[in-house]
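Below: my_file_37.txt (compact mmCIF, C-alpha atoms)
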```
# COMPACT_ATOMS: atom_id res chain seq x y z
CA MET A 1 0.00 0.00 0.00
CA ASP A 2 1.45 3.36 -1.05
CA GLU A 3 1.98 5.88 1.69
CA LYS A 4 0.55 9.32 1.20
CA PRO A 5 3.20 12.05 0.94
CA LEU A 6 3.49 14.21 4.02
CA THR A 7 2.12 17.68 3.50
CA VAL A 8 3.82 20.76 4.86
CA THR A 9 1.67 23.72 5.81
CA ARG A 10 3.38 27.05 5.21
CA LEU A 11 2.29 29.41 7.94
CA LEU A 12 4.45 32.42 7.06
CA PRO A 13 6.46 32.85 3.86
CA PRO A 14 9.86 34.59 3.86
CA LYS A 15 9.47 38.32 4.32
CA LYS A 16 12.05 41.01 3.71
CA GLN A 17 12.95 42.87 6.88
CA THR A 18 12.54 46.65 6.83
CA GLU A 19 13.91 47.60 10.24
CA TRP A 20 17.59 47.78 9.19
CA ARG A 21 18.08 50.19 6.31
CA TRP A 22 20.91 52.40 5.03
CA PRO A 23 21.68 54.05 8.40
CA ALA A 24 22.33 50.63 9.93
CA ALA A 25 24.40 49.60 6.91
CA ALA A 26 26.37 52.86 7.18
CA ASN A 27 27.15 52.05 10.81
CA PHE A 28 28.52 48.65 9.83
CA ILE A 29 30.49 50.09 6.90
CA LEU A 30 32.00 53.14 8.62
CA GLY A 31 32.54 51.34 11.93
CA GLY A 32 34.54 48.61 10.25
CA ALA A 33 36.50 51.07 8.13
CA GLY A 34 37.42 53.28 11.09
CA THR A 35 38.54 50.49 13.40
CA GLY A 36 40.21 48.57 10.58
CA PHE A 37 42.12 51.69 9.59
CA TYR A 38 43.51 52.10 13.09
CA VAL A 39 44.42 48.41 13.49
CA LEU A 40 46.17 48.38 10.12
CA GLY A 41 48.14 51.46 11.07
CA PHE A 42 49.16 49.98 14.42
CA PHE A 43 50.61 46.82 12.89
CA THR A 44 52.28 48.87 10.17
CA MET A 45 54.04 50.83 12.92
CA ILE A 46 55.04 47.61 14.74
CA PHE A 47 56.53 46.09 11.59
CA GLU A 48 58.40 49.26 10.74
CA HIS A 49 59.52 50.54 14.14
CA GLY A 50 59.09 47.67 16.60
CA THR A 51 57.78 48.71 20.00
CA THR A 52 59.36 52.16 19.98
CA LEU A 53 57.16 55.21 20.31
CA ASN A 54 57.87 56.49 16.82
CA THR A 55 54.46 57.62 15.67
CA HIS A 56 53.13 56.66 12.28
CA PRO A 57 50.62 58.98 10.62
CA ILE A 58 48.34 56.16 9.48
CA SER A 59 47.35 55.04 12.95
CA PHE A 60 47.90 58.01 15.23
CA GLY A 61 45.40 60.49 13.93
CA LEU A 62 41.75 60.72 14.83
CA LEU A 63 40.36 59.56 11.50
CA GLY A 64 39.46 56.09 12.84
CA PRO A 65 37.35 57.37 15.74
CA VAL A 66 35.75 60.00 13.47
CA LEU A 67 34.60 57.35 10.98
CA VAL A 68 33.24 55.13 13.76
CA SER A 69 31.44 58.07 15.37
CA ILE A 70 29.80 59.07 12.08
CA GLY A 71 28.62 55.49 11.63
CA LEU A 72 27.02 55.36 15.07
CA ALA A 73 25.53 58.83 14.60
CA SER A 74 23.90 57.69 11.35
CA LEU A 75 22.37 54.77 13.23
CA LEU A 76 20.71 57.18 15.68
CA THR A 77 18.88 58.84 12.78
CA GLU A 78 16.99 55.60 12.20
CA VAL A 79 15.57 55.19 15.68
CA GLY A 80 12.41 56.94 16.76
CA ARG A 81 13.85 58.47 19.94
CA PRO A 82 17.62 59.10 19.57
CA LEU A 83 17.93 60.44 23.14
CA ARG A 84 17.19 56.96 24.44
CA GLY A 85 20.57 55.91 23.09
CA ARG A 86 21.93 56.66 26.55
CA TYR A 87 20.37 53.40 27.71
CA LEU A 88 22.52 51.32 25.35
CA LEU A 89 24.99 50.43 28.09
CA HIS A 90 22.20 49.10 30.34
CA HIS A 91 22.04 45.71 28.60
CA LEU A 92 25.63 44.48 28.57
CA GLN A 93 24.64 41.03 29.83
CA ASN A 94 22.40 40.11 26.93
CA ALA A 95 22.76 42.56 24.02
CA TRP A 96 25.65 42.69 21.58
CA ILE A 97 24.70 46.22 20.57
CA SER A 98 25.40 47.30 24.16
CA ARG A 99 28.78 45.57 24.03
CA GLU A 100 29.47 47.29 20.70
CA THR A 101 28.76 50.62 22.38
CA LEU A 102 31.11 49.78 25.26
CA ALA A 103 33.87 48.84 22.80
CA PHE A 104 33.27 52.14 21.00
CA VAL A 105 33.63 54.10 24.26
CA PHE A 106 36.92 52.37 25.10
CA PHE A 107 38.17 52.90 21.54
CA ILE A 108 37.42 56.62 21.61
CA ILE A 109 38.98 57.08 25.06
CA THR A 110 42.19 55.14 24.37
CA VAL A 111 42.78 56.68 20.94
CA SER A 112 42.19 60.17 22.36
CA LEU A 113 44.60 59.53 25.23
CA ASP A 114 47.20 58.25 22.80
CA TYR A 115 46.71 61.29 20.59
CA VAL A 116 47.34 63.63 23.55
CA ALA A 117 50.12 61.60 25.21
CA PRO A 118 51.42 58.89 22.82
CA HIS A 119 52.20 55.64 24.61
CA LEU A 120 52.32 52.03 23.54
CA THR A 121 49.87 51.01 26.29
CA PHE A 122 47.16 53.32 24.93
CA LYS A 123 47.79 52.01 21.42
CA PHE A 124 47.55 48.40 22.56
CA PHE A 125 44.20 48.88 24.32
CA ALA A 126 42.89 50.93 21.40
CA VAL A 127 43.65 48.02 19.06
CA LEU A 128 41.95 45.56 21.43
CA SER A 129 38.89 47.84 21.53
CA ALA A 130 38.89 48.07 17.73
CA PHE A 131 38.95 44.29 17.36
CA ALA A 132 36.19 43.98 19.98
CA PHE A 133 34.09 46.55 18.12
CA MET A 134 34.36 44.67 14.82
CA LEU A 135 33.54 41.36 16.50
CA CYS A 136 30.54 42.86 18.29
CA GLN A 137 29.18 44.16 14.99
CA GLY A 138 29.45 40.70 13.49
CA LEU A 139 27.79 39.14 16.52
CA ILE A 140 24.95 41.68 16.33
CA ALA A 141 24.15 40.33 12.87
CA TYR A 142 24.71 36.72 13.92
CA SER A 143 22.33 37.05 16.87
CA ALA A 144 19.45 37.97 14.53
CA ARG A 145 18.17 34.41 14.43
CA ALA A 146 15.03 35.27 12.50
CA VAL A 147 17.07 36.25 9.42
CA ALA A 148 18.71 33.20 7.87
CA ALA A 149 21.25 35.12 5.80
CA TRP A 150 22.64 36.85 8.92
CA ASN A 151 22.49 34.05 11.48
CA VAL A 152 25.54 32.15 10.18
CA PRO A 153 28.72 31.25 12.13
CA VAL A 154 31.10 32.92 9.68
CA MET A 155 29.58 36.37 10.25
CA PRO A 156 32.03 37.54 13.00
CA PHE A 157 35.01 36.47 10.85
CA PHE A 158 33.51 38.25 7.86
CA PHE A 159 33.14 41.47 9.85
CA LEU A 160 36.75 41.30 11.02
CA THR A 161 38.08 40.79 7.51
CA SER A 162 35.76 43.34 5.89
CA GLY A 163 36.77 45.92 8.51
CA LEU A 164 40.46 45.34 7.83
CA ALA A 165 39.88 45.40 4.06
CA SER A 166 37.93 48.67 4.15
CA GLY A 167 40.50 50.13 6.57
CA ALA A 168 43.20 49.24 4.07
CA GLY A 169 41.14 50.95 1.38
CA VAL A 170 40.95 54.14 3.43
CA ALA A 171 44.72 54.10 4.04
CA LEU A 172 45.55 53.51 0.38
CA LEU A 173 43.14 56.18 -0.80
CA ILE A 174 44.30 58.83 1.66
CA PHE A 175 48.03 58.24 1.37
CA SER A 176 48.16 57.49 -2.35
CA SER A 177 49.82 60.85 -3.05
CA HIS A 178 52.44 60.27 -0.30
CA ARG A 179 54.63 57.61 -1.84
CA HIS A 180 56.98 57.44 1.14
CA LEU A 181 54.08 56.17 3.27
CA MET A 182 53.36 53.31 0.88
CA ILE A 183 55.86 51.11 2.66
CA ASP A 184 56.17 47.36 2.21
CA SER A 185 54.36 46.47 5.44
CA LEU A 186 51.30 48.55 4.52
CA LEU A 187 51.07 46.94 1.09
CA LEU A 188 51.57 43.47 2.58
CA LEU A 189 48.95 43.97 5.30
CA SER A 190 46.50 45.33 2.73
CA PHE A 191 47.09 42.31 0.48
CA VAL A 192 46.55 39.90 3.38
CA SER A 193 43.40 41.76 4.50
CA VAL A 194 41.85 41.58 1.02
CA SER A 195 42.75 37.89 0.70
CA LEU A 196 41.18 37.03 4.06
CA ASN A 197 38.05 38.99 3.18
CA LEU A 198 37.77 37.14 -0.12
CA ILE A 199 38.05 33.82 1.75
CA GLY A 200 35.41 34.93 4.25
CA TRP A 201 33.11 36.04 1.44
CA PHE A 202 33.37 32.69 -0.36
CA ILE A 203 32.80 30.78 2.88
CA TYR A 204 29.75 32.93 3.48
CA LEU A 205 28.34 32.37 -0.01
CA ARG A 206 29.28 28.76 -0.70
CA GLY A 207 30.26 27.09 2.52
CA SER A 208 28.51 27.22 5.85
CA VAL A 209 25.61 29.39 4.73
CA LYS A 210 22.34 27.44 4.60
CA PHE A 211 19.68 29.84 3.44
CA SER A 212 16.14 28.82 4.21
CA SER A 213 14.58 31.53 2.03
CA PRO A 214 14.93 31.25 -1.75
CA PRO A 215 14.97 35.06 -2.28
CA ALA A 216 18.13 35.39 -0.18
CA THR A 217 19.77 32.52 -2.03
CA VAL A 218 19.07 34.10 -5.41
CA THR A 219 20.16 37.55 -4.24
CA LEU A 220 23.52 36.51 -2.81
CA ARG A 221 24.58 33.50 -4.82
CA CYS A 222 23.22 34.17 -8.27
CA SER A 223 23.15 37.93 -8.74
CA LEU A 224 25.43 39.93 -11.00
CA ALA A 225 26.25 42.22 -8.06
CA THR A 226 27.93 39.34 -6.21
CA HIS A 227 30.26 38.66 -9.14
CA ILE A 228 31.03 42.38 -9.45
CA ILE A 229 31.93 42.51 -5.74
CA VAL A 230 34.46 39.70 -6.20
CA LEU A 231 35.92 41.27 -9.33
CA LEU A 232 36.00 44.92 -8.27
CA GLY A 233 36.35 44.54 -4.51
CA HIS A 234 38.93 41.74 -4.44
CA LEU A 235 40.60 40.70 -7.69
CA VAL A 236 41.27 44.23 -8.97
CA PRO A 237 42.76 45.45 -5.64
CA LEU A 238 44.92 42.32 -5.36
CA LEU A 239 46.29 42.93 -8.84
CA LEU A 240 46.92 46.62 -8.17
CA LEU A 241 48.60 45.89 -4.82
CA ALA A 242 50.88 43.38 -6.53
CA LEU A 243 51.82 46.02 -9.12
CA LEU A 244 52.50 48.55 -6.34
CA LYS A 245 54.74 46.02 -4.60
CA ILE A 246 56.67 45.39 -7.80
CA SER A 247 57.01 49.13 -8.38
CA THR A 248 58.96 49.50 -5.12
CA TYR A 249 61.75 47.51 -6.75
CA LEU A 250 61.51 48.58 -10.40
CA GLY A 251 60.54 52.22 -9.97
CA MET A 252 57.37 53.80 -11.31
CA ALA A 253 56.29 57.26 -12.36
CA SER A 254 54.69 59.16 -9.49
CA GLU A 255 51.49 59.83 -11.43
CA LEU A 256 50.98 56.15 -12.23
CA PHE A 257 51.74 55.18 -8.63
CA VAL A 258 49.05 57.57 -7.35
CA ILE A 259 46.54 56.14 -9.82
CA LEU A 260 47.24 52.54 -8.82
CA ALA A 261 47.22 53.25 -5.07
CA SER A 262 44.06 55.36 -5.08
CA GLY A 263 42.37 52.95 -7.48
CA SER A 264 43.05 49.96 -5.26
CA GLY A 265 41.85 51.86 -2.18
CA LEU A 266 38.65 53.02 -3.85
CA ALA A 267 37.94 49.53 -5.19
CA LEU A 268 38.35 48.06 -1.71
CA ILE A 269 35.94 50.55 -0.17
CA VAL A 270 33.35 50.05 -2.90
CA GLY A 271 33.69 46.27 -2.58
CA VAL A 272 33.00 46.28 1.17
CA ILE A 273 30.08 48.67 0.71
CA GLY A 274 28.69 46.26 -1.88
CA GLN A 275 29.14 43.29 0.45
CA LYS A 276 27.35 44.82 3.40
CA ALA A 277 24.63 46.39 1.27
CA ALA A 278 23.96 42.99 -0.32
CA ILE A 279 23.80 41.27 3.07
CA PHE A 280 21.72 43.79 4.99
CA LEU A 281 19.64 45.62 2.39
CA THR A 282 18.79 43.03 -0.25
CA SER A 283 19.04 39.59 1.38
CA GLY A 284 17.53 40.22 4.81
CA TYR A 285 14.60 37.82 4.54
CA THR A 286 13.03 36.25 7.62
CA ARG A 287 12.91 32.49 7.93
CA GLU A 288 9.95 30.66 6.52
CA ILE A 289 7.67 29.24 9.22
CA VAL A 290 6.12 25.90 8.34
CA LEU A 291 3.98 23.35 10.16
CA ARG A 292 5.14 19.79 9.63
CA PRO A 293 2.93 16.77 10.39
```
Let me see whether you can do it: turn the structure in this file into structure tokens.
Amino acid sequence: MDEKPLTVTRLLPPKKQTEWRWPAAANFILGGAGTGFYVLGFFTMIFEHGTTLNTHPISFGLLGPVLVSIGLASLLTEVGRPLRGRYLLHHLQNAWISRETLAFVFFIITVSLDYVAPHLTFKFFAVLSAFAFMLCQGLIAYSARAVAAWNVPVMPFFFLTSGLASGAGVALLIFSSHRHLMIDSLLLLSFVSVSLNLIGWFIYLRGSVKFSSPPATVTLRCSLATHIIVLLGHLVPLLLLALLKISTYLGMASELFVILASGSGLALIVGVIGQKAAIFLTSGYTREIVLRP
């Protein structure tokens, strides 16, 4: 006797979330770029000068905190009552957004102290705060269990690598006209950051991600934008960084060097913007709720 196929009752189809829009995406983009910029500058200084207090202009300005602050300020424009943001630190035990805020406070304080009175201790804790901030942002997305495309284990790693990649883009873009700052360690760290971000992106798209909503699968895995992100945001910068590295040995006209450095930086920034826009603005579909017999 043939068994009847089990029927599945679909209670709620996948629905695109509308709570997180461009202000939230801007927070993730600028927050990662600002902290990644500072971290990249710190390790550039370590590779070039060791643990001496010789300051390096990439890491010891206030650009990193400014970018992070603008990102958080843009997030406040999305909430109905911005003044209630003062309660963010009241939920440290159970909310990653509160922990992100705490990491931001420590980052601002330690970078400001180091700017006024440069010391390796301040730099070290600023870097720890920057890493914590990037991880908290990734865990904010991961903790959104209702959205299948966000609630994946690779999300914290992706946020770390995308922050470093966009930070490298900021450094390359800003210092492209200062050839003496384009030292080997900066180019190497930028190359490694882009490579790690490319690995994280492929793991996210093809590996551990198990989308339960077909719209998210189509958006992220099959869209033209995803292929453009890989080409423009990863392959082009890797090629340009390799050419910049070669130019340090063979010599290159200053004008061409500026074009390659600024082009690689801009491509990195655009690539990370594309990644986070694709994740949070176009693939944020809630899980389908079904009733199984």
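Atom CA of A:Gly265 lies 28.3 Å from atom CA of A:Pro153.
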| field | Test item: residues at most 7 Å from A:Ser262, all atoms listed in the file, excluding those fewer than 2 positions along its chain, as a ChimeraX atom specification | value | /A:172-173,176,258-260,264-266
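With atom CA of A:Ala24 on one side and atom CA of A:Arg206 on the other, the separation reads 25.3 Å.
Of note, atom CA of A:His234 and atom CA of A:Phe43 are spaced 21.5 Å apart.
The closest residue to A:Val272, picked from A:Thr161, A:Ser98, A:Ser223, A:Ser129 and counting all atoms listed in the file, is A:Thr161.
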| said: Give me the residues near A:Leu92 as a ChimeraX atom specification, where near means some atom within 10 Å (using all atoms listed in the file) and where sequence neighbours in that chain fewer than 5 positions away do not count. | reply: /A:97-102
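Within 6 Å of the point (41.4, 48.7, 7.5), and counting all atoms listed in the file, the protein, DNA and RNA residues are Ala33, Gly36, Phe37, Leu40, Gly163, Leu164, Ala165, Ser166, Gly167 and Ala168 of chain A.
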| task | List every protein, DNA or RNA residue that has at least one atom no more than 12 Å from (41.2, 46.1, 17.6) in the file's coordinates, counting all atoms listed in the file, and write the result as a PyMOL selection string. | result | chain A and resi 31-43+59+64+103-104+106-108+110-111+122-136+160-161+163-164+167
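Counting only C-alpha atoms and comparing A:Ala144, A:Ile228, A:Leu238, A:Ile246, the residue that lies closest to A:Val192 is A:Leu238.
Among the candidates A:Tyr115, A:Phe157, A:Trp150, A:Phe257, the residue lying nearest to A:Leu196 is A:Phe157 (atoms considered: all atoms listed in the file).
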| said: Counting all atoms listed in the file, which residue out of A:Arg21, A:Arg287, A:His119, A:Lys16 sits closest to A:Arg145? | reply: A:Arg287
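Among the candidates A:Val66, A:Ala267, A:Leu75, A:Ala171, the one nearest to A:Ser112 when counting only C-alpha atoms is A:Val66.
Using all atoms listed in the file, the smallest distance between any of A:Gly200, A:Gly61, A:Gly274, A:Gly233 and A:Val116 comes from A:Gly61.
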| task | Would you list the contacts of A:Val236 as a VMD selection string, taking every protein, DNA or RNA residue within 10 Å and counting all atoms listed in the file, but skipping same-chain residues closer than 4 positions in sequence? | result | chain A and resid 230 to 232 240 to 242 263 to 264 267 to 268
